[in-house]
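Take a look at the structure set out below.
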Amino acid sequence: MSDDLDDFRSRAKAFLAENGHRMTSEEGEGALFDTDNIEWQRDLQAKIFDAGFAGITWPKAYGGQGLTDAHQLVWNEESAPYKMPAIFGIGFGMAGPTIVDLGTEEQKQRYIPKLLRGEEIWCQLFSEPGAGSDVAGLSTKAERDGDEWVVNGQKVWTSGAHRADLGILIARTDPSVPKHNGITMFVVSMRSPGLTIRPLKQATGEAPFNEEFFDNVRIPGDSVVGEVNAGWAAAVLMLRHERISIGTNAKQPSRPLSYASIKDLAAKLGRTDDPLVRDRLAYLYATDTGQVLLAQRMRQEVDAGFELRARGSIPKLAGSMMARIAVDVVDEVAGYEVAAWEGTEWPSITYGVVRSAAFGIEGGSNEIQRGIIGERVLGLAKDPQLDREIPFQDLRKIPPARTASK
Ligand SMILES: Cc1cc2nc3c(=O)[nH]c(=O)nc-3n(C[C@H](O)[C@H](O)[C@H](O)COP(=O)(O)OP(=O)(O)OC[C@H]3O[C@@H](n4cnc5c(N)ncnc54)[C@H](O)[C@@H]3O)c2cc1C
């Protein structure tokens with residue numbers, strides 16, 4: 001096995017040296033949905049697939065390599081300094097694993113090889129203007145019409161929808177039952193007639209996410225993922241894949257808010273002799289290293305076949321807390337030097353600082369992760385859920401909650 005791993009490492013090194021782009025600290029991870037280089041990302045993913053490095057632990061039957069977690073770790077280590085295709089993140093981290101877990105054989109054959117080859121980009125159509133943390137309260141509806149489903153409603157904050165070929169959609173298919181019971185998961189073509197995608201600009205100046213309007217969008221009957229009206233369990237599974245993916249992805253040493261990037265910034269600003277800055281950097285080193293090790297350990301558990309279940313929220317929460325700590329240290333080290341966005345000398349770090357707030361919201365907010373860890377990992381008392389048994393269609397008839405004093 002170790003010979004095999006050595007051989008795999010040599011092949012990975014040779015492939016990356018020939019085809020990869022080694023990142024400078026100024027480049028960092030860059031924007032997840034870099035709008036200028038989609039073709040470059042598709043191209044590199046196809047090369048990664050052809051060279052046998054795509055879907056390393058995924059089943060061979062669907063285009064994966066069927067190799068071990070040790071091979072995956074070798075690839076993660078070797079590829080960490082290189083700029084990798086990020087546009088397929090939702091496909092690899094969430095949509096693909098959910099289809100492998102719940103899809104029909106036809107769905108797996110149809111979608112997984114194209115995902116691994118970089119031919120199809122995926123997005124996740126969960127959040128709505130009235131349903132974010134409480135995504136089970138969604139009101140986009142899908143109604144059966146012969147062999148098809150007809151979808152009407154609105155989704156929001158959909159990362160990469162404007163670049164996606166396919167989306168995983170959850171919609172209400174039975175409003176006569178309590179909200180968690182009447183939801184179904186579908187695959188939808190992002191080019192469907194009646195689907196309008198509008199960009200939303202975020203604080204960094206980019207528009208990486210979108211809002212979508214479904215106006216009588218027709219979906220074929222065989223697009224249901226899992227069972228009709230069992231979409232909540234499918235959504236929970238996909239959210240777990242999402243949190244594990246966000247929390248345990250390989251941490252690039254040169255990412256904008258890493259210890260290495262911030263130490264580099266301090267050195268360039270001549271601040272590394274300041275005892276206060278040294279103290280803050282040491283603290284950052286300890287927390288950054290702790291978070292990287294936690295992510296690695298959780299990834300190893302996943303690769304070894306252990307189910308993280310609700311524990312997937314721990315590295316997700318740790319990652320966003322780490323980003324908060326890093327922003328405080330950047331403030332200590334550089335202050336106003338990184339406060340300005342336009343014309344900054346430190347574009348990568350400034351980008352990281354401006355975007356950092358999103359870490360505590362995307363994939364479920366920090367408060368929601370704390371709730372999950374409290375209830376399902378630590379076994380603390382559950383939050384009261386007054387709407388759990390009431391049919392969705394009757395929810396709006398409940399009078400507003402009264403305060404205890406009334
Ligand atoms: C960068 C980014 C990318 C995203 N990409 C996608 C995507 O691709 N697809 C998608 O479907 N969605 C996406 N989202 C949306 C994201 O999942 C939601 O924003 C998130 O779930 C929070 O929902 P909300 O914005 O409606 O806030 P709300 O649910 O309205 O929450 C507002 C505040 O109330 C708090 N809160 C709510 N309920 C509770 C509770 N029970 N206990 C304690 N506090 C609570 C929250 O923590 C938060 O601070 C993305 C968001 C971001 C920031």
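The chains in the structure tokens are called A, B, ... from first to last as shown; in each chain the residues are counted from 1, and the ligands are counted from 1 in the order shown.
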May I have all residues of segment 157-362 of chain A that DSSP, computed from the backbone, assigns to helix (DSSP H, G or I), given as an MDAnalysis selection string?
chainID A and resid 221:223 231:248 259:268 275:303 309:338 347:359
Could you give me the residues within 9 Å of ligand 1, counting only C-alpha atoms and all ligand atoms, as a ChimeraX atom specification?
/A:90,123-135,155-161,169,202,208-210,355,357-371,383
Residues within 12 Å of Ala51 of chain A, only C-alpha atoms, excluding chain neighbours under 6 positions, as a PDB file with N, CA and C atoms, in the first residue's frame:
ATOM      1  N   PHE A   8       1.387   7.087  -6.241  1.00  0.00           N
ATOM      2  CA  PHE A   8       0.282   8.031  -6.428  1.00  0.00           C
ATOM      3  C   PHE A   8       0.788   9.462  -6.188  1.00  0.00           C
ATOM      4  N   ARG A  11       2.909  10.639  -9.072  1.00  0.00           N
ATOM      5  CA  ARG A  11       2.075  10.979 -10.229  1.00  0.00           C
ATOM      6  C   ARG A  11       1.375  12.322  -9.999  1.00  0.00           C
ATOM      7  N   ALA A  12       0.864  12.531  -8.749  1.00  0.00           N
ATOM      8  CA  ALA A  12       0.171  13.786  -8.427  1.00  0.00           C
ATOM      9  C   ALA A  12       1.134  14.969  -8.572  1.00  0.00           C
ATOM     10  N   LYS A  13       2.341  14.819  -8.030  1.00  0.00           N
ATOM     11  CA  LYS A  13       3.349  15.890  -8.111  1.00  0.00           C
ATOM     12  C   LYS A  13       3.621  16.249  -9.565  1.00  0.00           C
ATOM     13  N   ALA A  14       3.838  15.196 -10.389  1.00  0.00           N
ATOM     14  CA  ALA A  14       4.189  15.424 -11.798  1.00  0.00           C
ATOM     15  C   ALA A  14       3.024  16.098 -12.521  1.00  0.00           C
ATOM     16  N   PHE A  15       1.795  15.627 -12.237  1.00  0.00           N
ATOM     17  CA  PHE A  15       0.626  16.202 -12.901  1.00  0.00           C
ATOM     18  C   PHE A  15       0.490  17.683 -12.533  1.00  0.00           C
ATOM     19  N   LEU A  16       0.616  17.981 -11.227  1.00  0.00           N
ATOM     20  CA  LEU A  16       0.408  19.361 -10.766  1.00  0.00           C
ATOM     21  C   LEU A  16       1.508  20.278 -11.298  1.00  0.00           C
ATOM     22  N   GLU A  18       3.039  20.016 -14.027  1.00  0.00           N
ATOM     23  CA  GLU A  18       2.840  20.268 -15.459  1.00  0.00           C
ATOM     24  C   GLU A  18       1.584  21.100 -15.729  1.00  0.00           C
ATOM     25  N   ASN A  19       0.518  20.854 -14.961  1.00  0.00           N
ATOM     26  CA  ASN A  19      -0.768  21.479 -15.303  1.00  0.00           C
ATOM     27  C   ASN A  19      -1.250  22.527 -14.315  1.00  0.00           C
ATOM     28  N   LEU A  44      -9.227  22.495 -16.483  1.00  0.00           N
ATOM     29  CA  LEU A  44      -8.344  21.836 -15.513  1.00  0.00           C
ATOM     30  C   LEU A  44      -9.050  20.629 -14.885  1.00  0.00           C
ATOM     31  N   GLN A  45     -10.352  20.778 -14.594  1.00  0.00           N
ATOM     32  CA  GLN A  45     -11.077  19.652 -13.993  1.00  0.00           C
ATOM     33  C   GLN A  45     -11.079  18.458 -14.948  1.00  0.00           C
ATOM     34  N   GLY A  64     -15.610   7.602 -10.521  1.00  0.00           N
ATOM     35  CA  GLY A  64     -14.629   7.874  -9.469  1.00  0.00           C
ATOM     36  C   GLY A  64     -13.447   6.915  -9.568  1.00  0.00           C
ATOM     37  N   GLN A  65     -12.489   7.081  -8.639  1.00  0.00           N
ATOM     38  CA  GLN A  65     -11.286   6.236  -8.684  1.00  0.00           C
ATOM     39  C   GLN A  65     -11.375   5.040  -7.752  1.00  0.00           C
ATOM     40  N   LEU A 116     -17.797  14.895 -12.219  1.00  0.00           N
ATOM     41  CA  LEU A 116     -16.376  14.638 -11.980  1.00  0.00           C
ATOM     42  C   LEU A 116     -15.509  15.149 -13.130  1.00  0.00           C
ATOM     43  N   ARG A 117     -16.060  15.118 -14.353  1.00  0.00           N
ATOM     44  CA  ARG A 117     -15.293  15.600 -15.516  1.00  0.00           C
ATOM     45  C   ARG A 117     -15.342  17.116 -15.669  1.00  0.00           C
TER      46      ARG A 117
END
Which residues in segment 139-206 of chain A does DSSP call strand (DSSP E or B)? List them as a ChimeraX atom specification.
/A:141-145,148-159,166-172,178,183-189,195-200
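Straight-line separation from atom CA of Gly379 of chain A to atom CA of Ala310 of chain A: 11.1 Å.
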Might you pull out every residue within 10 Å of Ala266 of chain A, with only C-alpha atoms counted and same-chain residues fewer than 6 positions away left off, and present them as a ChimeraX atom specification?
/A:260,272-274,277-278,281,329-330,332-334
Considering only C-alpha atoms, can you say which of A:Glu105, A:Glu301, A:Glu119, A:Glu78 comes closest to Ala17 of chain A?
A:Glu78
Can you work out the spacing between atom CA of Leu5 of chain A and atom CA of His71 of chain A in Å, to one decimal?
6.5 Å
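Remark: for Ala164 of chain A, the closest of the candidate residues A:Asn216, A:Ser176, A:Gln296, A:Ser189 is A:Ser189 (distances computed over only C-alpha atoms).
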Which residues, written as JSON, numbers by chain, have at least one atom at most 12 Å from segment 165-167 of chain A, with only C-alpha atoms counted and residues fewer than 3 positions away on the same chain left out?
{"A": [87, 88, 90, 91, 94, 95, 96, 99, 111, 114, 115, 118, 119, 120, 121, 122, 123, 124, 125, 126, 155, 158, 159, 160, 161, 162, 170, 185, 186, 187, 188, 189, 190, 191, 192, 195, 212, 219, 223, 225]}
Using only C-alpha atoms, which residues sit within 12 Å of His180 of chain A once same-chain residues fewer than 6 positions away are excluded, as an mmCIF file with N, CA and C atoms, in the first residue's frame?
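Below is the file around_2.cif, written as the result:
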data_model
loop_
_atom_site.group_PDB
_atom_site.id
_atom_site.type_symbol
_atom_site.label_atom_id
_atom_site.label_comp_id
_atom_site.auth_asym_id
_atom_site.auth_seq_id
_atom_site.Cartn_x
_atom_site.Cartn_y
_atom_site.Cartn_z
ATOM 1 N N ASP A 134 -34.880 28.754 9.061
ATOM 2 C CA ASP A 134 -36.041 27.848 9.121
ATOM 3 C C ASP A 134 -36.398 27.435 7.694
ATOM 4 N N VAL A 135 -35.480 26.698 7.037
ATOM 5 C CA VAL A 135 -35.691 26.414 5.610
ATOM 6 C C VAL A 135 -36.884 25.471 5.398
ATOM 7 N N ALA A 136 -37.270 24.727 6.436
ATOM 8 C CA ALA A 136 -38.463 23.858 6.300
ATOM 9 C C ALA A 136 -39.738 24.683 6.150
ATOM 10 N N GLY A 137 -39.672 25.971 6.417
ATOM 11 C CA GLY A 137 -40.836 26.848 6.242
ATOM 12 C C GLY A 137 -40.963 27.366 4.824
ATOM 13 N N LEU A 138 -40.258 26.774 3.869
ATOM 14 C CA LEU A 138 -40.240 27.278 2.485
ATOM 15 C C LEU A 138 -41.632 27.253 1.843
ATOM 16 N N SER A 139 -41.864 28.193 0.910
ATOM 17 C CA SER A 139 -43.185 28.200 0.270
ATOM 18 C C SER A 139 -43.148 28.020 -1.242
ATOM 19 N N ILE A 170 -35.392 22.320 -3.335
ATOM 20 C CA ILE A 170 -36.416 21.732 -2.461
ATOM 21 C C ILE A 170 -37.658 22.608 -2.553
ATOM 22 N N ALA A 171 -38.814 21.950 -2.680
ATOM 23 C CA ALA A 171 -40.073 22.677 -2.871
ATOM 24 C C ALA A 171 -41.192 21.965 -2.124
ATOM 25 N N ARG A 172 -42.250 22.738 -1.835
ATOM 26 C CA ARG A 172 -43.380 22.157 -1.092
ATOM 27 C C ARG A 172 -44.287 21.399 -2.047
ATOM 28 N N THR A 173 -44.500 20.136 -1.762
ATOM 29 C CA THR A 173 -45.352 19.310 -2.624
ATOM 30 C C THR A 173 -46.630 18.885 -1.915
ATOM 31 N N ASP A 174 -46.714 19.107 -0.585
ATOM 32 C CA ASP A 174 -47.973 18.820 0.112
ATOM 33 C C ASP A 174 -48.139 19.791 1.283
ATOM 34 N N ASN A 229 -42.222 13.904 -1.016
ATOM 35 C CA ASN A 229 -42.578 14.320 0.360
ATOM 36 C C ASN A 229 -41.586 13.845 1.434
ATOM 37 N N ALA A 230 -40.457 13.277 1.005
ATOM 38 C CA ALA A 230 -39.414 12.914 1.990
ATOM 39 C C ALA A 230 -38.206 13.835 1.798
ATOM 40 N N GLY A 231 -38.449 15.026 1.253
ATOM 41 C CA GLY A 231 -37.347 15.938 0.910
ATOM 42 C C GLY A 231 -36.668 16.570 2.114
ATOM 43 N N TRP A 232 -37.358 16.597 3.268
ATOM 44 C CA TRP A 232 -36.703 17.215 4.419
ATOM 45 C C TRP A 232 -35.498 16.385 4.853
ATOM 46 N N ALA A 233 -35.696 15.062 4.913
ATOM 47 C CA ALA A 233 -34.574 14.183 5.306
ATOM 48 C C ALA A 233 -33.448 14.333 4.274
ATOM 49 N N ALA A 234 -33.813 14.449 2.978
ATOM 50 C CA ALA A 234 -32.800 14.620 1.927
ATOM 51 C C ALA A 234 -32.064 15.950 2.107
ATOM 52 N N ALA A 235 -32.840 16.998 2.475
ATOM 53 C CA ALA A 235 -32.224 18.326 2.662
ATOM 54 C C ALA A 235 -31.272 18.315 3.859
ATOM 55 N N VAL A 236 -31.671 17.636 4.944
ATOM 56 C CA VAL A 236 -30.810 17.560 6.136
ATOM 57 C C VAL A 236 -29.514 16.844 5.771
ATOM 58 N N GLN A 385 -40.660 23.931 19.622
ATOM 59 C CA GLN A 385 -41.053 24.125 18.221
ATOM 60 C C GLN A 385 -42.565 24.024 18.134
ATOM 61 N N ASP A 387 -44.630 24.889 15.857
ATOM 62 C CA ASP A 387 -45.295 24.642 14.569
ATOM 63 C C ASP A 387 -45.044 23.226 14.028
ATOM 64 N N ARG A 388 -44.449 22.371 14.818
ATOM 65 C CA ARG A 388 -43.989 21.058 14.340
ATOM 66 C C ARG A 388 -45.149 20.155 13.894
ATOM 67 N N GLU A 389 -46.296 20.235 14.565
ATOM 68 C CA GLU A 389 -47.393 19.291 14.276
ATOM 69 C C GLU A 389 -48.501 19.929 13.434
ATOM 70 N N ILE A 390 -48.366 21.208 13.094
ATOM 71 C CA ILE A 390 -49.484 21.905 12.433
ATOM 72 C C ILE A 390 -49.327 21.841 10.913
ATOM 73 N N PRO A 391 -50.407 21.506 10.153
ATOM 74 C CA PRO A 391 -50.284 21.507 8.696
ATOM 75 C C PRO A 391 -49.739 22.844 8.189
ATOM 76 N N PHE A 392 -48.832 22.781 7.189
ATOM 77 C CA PHE A 392 -48.194 23.995 6.693
ATOM 78 C C PHE A 392 -49.235 25.041 6.296
#
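You will find atom CA of Ala304 of chain A at 15.7 Å from atom CA of Asn249 of chain A.
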List the neighbours of Met322 of chain A out to 8 Å using only C-alpha atoms; skip same-chain residues closer than 3 positions along the sequence, and give me the result as a VMD selection string.
chain A and resid 287 to 288 291 318 to 319 325 to 326
What would the file look like if the residues just selected were written as a tab-separated table (two decimals), in the first residue's frame with all heavy atoms?
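Printed below is part_21.tsv as written:
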chain	number	residue	atom	x	y	z
A	287	THR	N	-4.80	28.90	17.27
A	287	THR	CA	-6.19	28.63	16.86
A	287	THR	C	-6.25	28.14	15.41
A	287	THR	O	-7.00	27.22	15.09
A	287	THR	CB	-7.08	29.88	17.01
A	287	THR	OG1	-6.41	30.99	16.45
A	287	THR	CG2	-7.43	30.17	18.44
A	288	ASP	N	-5.42	28.73	14.55
A	288	ASP	CA	-5.41	28.32	13.14
A	288	ASP	C	-4.98	26.86	13.02
A	288	ASP	O	-5.62	26.04	12.34
A	288	ASP	CB	-4.46	29.24	12.35
A	288	ASP	CG	-4.61	29.06	10.84
A	288	ASP	OD1	-5.71	28.72	10.39
A	288	ASP	OD2	-3.63	29.28	10.11
A	291	GLN	N	-7.65	24.56	14.26
A	291	GLN	CA	-8.76	24.41	13.33
A	291	GLN	C	-8.38	23.52	12.15
A	291	GLN	O	-9.16	22.67	11.71
A	291	GLN	CB	-9.20	25.79	12.83
A	291	GLN	CG	-10.56	25.76	12.18
A	291	GLN	CD	-10.55	26.32	10.79
A	291	GLN	OE1	-9.70	27.15	10.46
A	291	GLN	NE2	-11.46	25.86	9.97
A	318	ALA	N	-16.24	26.12	13.89
A	318	ALA	CA	-14.84	26.47	14.23
A	318	ALA	C	-14.24	27.33	13.12
A	318	ALA	O	-13.53	28.31	13.39
A	318	ALA	CB	-14.02	25.20	14.41
A	319	GLY	N	-14.55	27.01	11.85
A	319	GLY	CA	-14.01	27.78	10.72
A	319	GLY	C	-14.47	29.22	10.76
A	319	GLY	O	-13.67	30.15	10.55
A	325	ILE	N	-11.57	35.56	14.61
A	325	ILE	CA	-10.32	35.81	15.36
A	325	ILE	C	-9.28	36.41	14.41
A	325	ILE	O	-8.60	37.39	14.74
A	325	ILE	CB	-9.79	34.50	15.98
A	325	ILE	CG1	-10.74	34.03	17.08
A	325	ILE	CG2	-8.37	34.67	16.52
A	325	ILE	CD1	-10.48	32.61	17.58
A	326	ALA	N	-9.18	35.84	13.21
A	326	ALA	CA	-8.18	36.32	12.24
A	326	ALA	C	-8.44	37.78	11.87
A	326	ALA	O	-7.49	38.58	11.77
A	326	ALA	CB	-8.21	35.44	10.99
Hey, which of A:Glu242, A:Glu106, A:Asp331, A:Asp7 ends up closest to Val74 of chain A? Count only C-alpha atoms.
A:Asp7
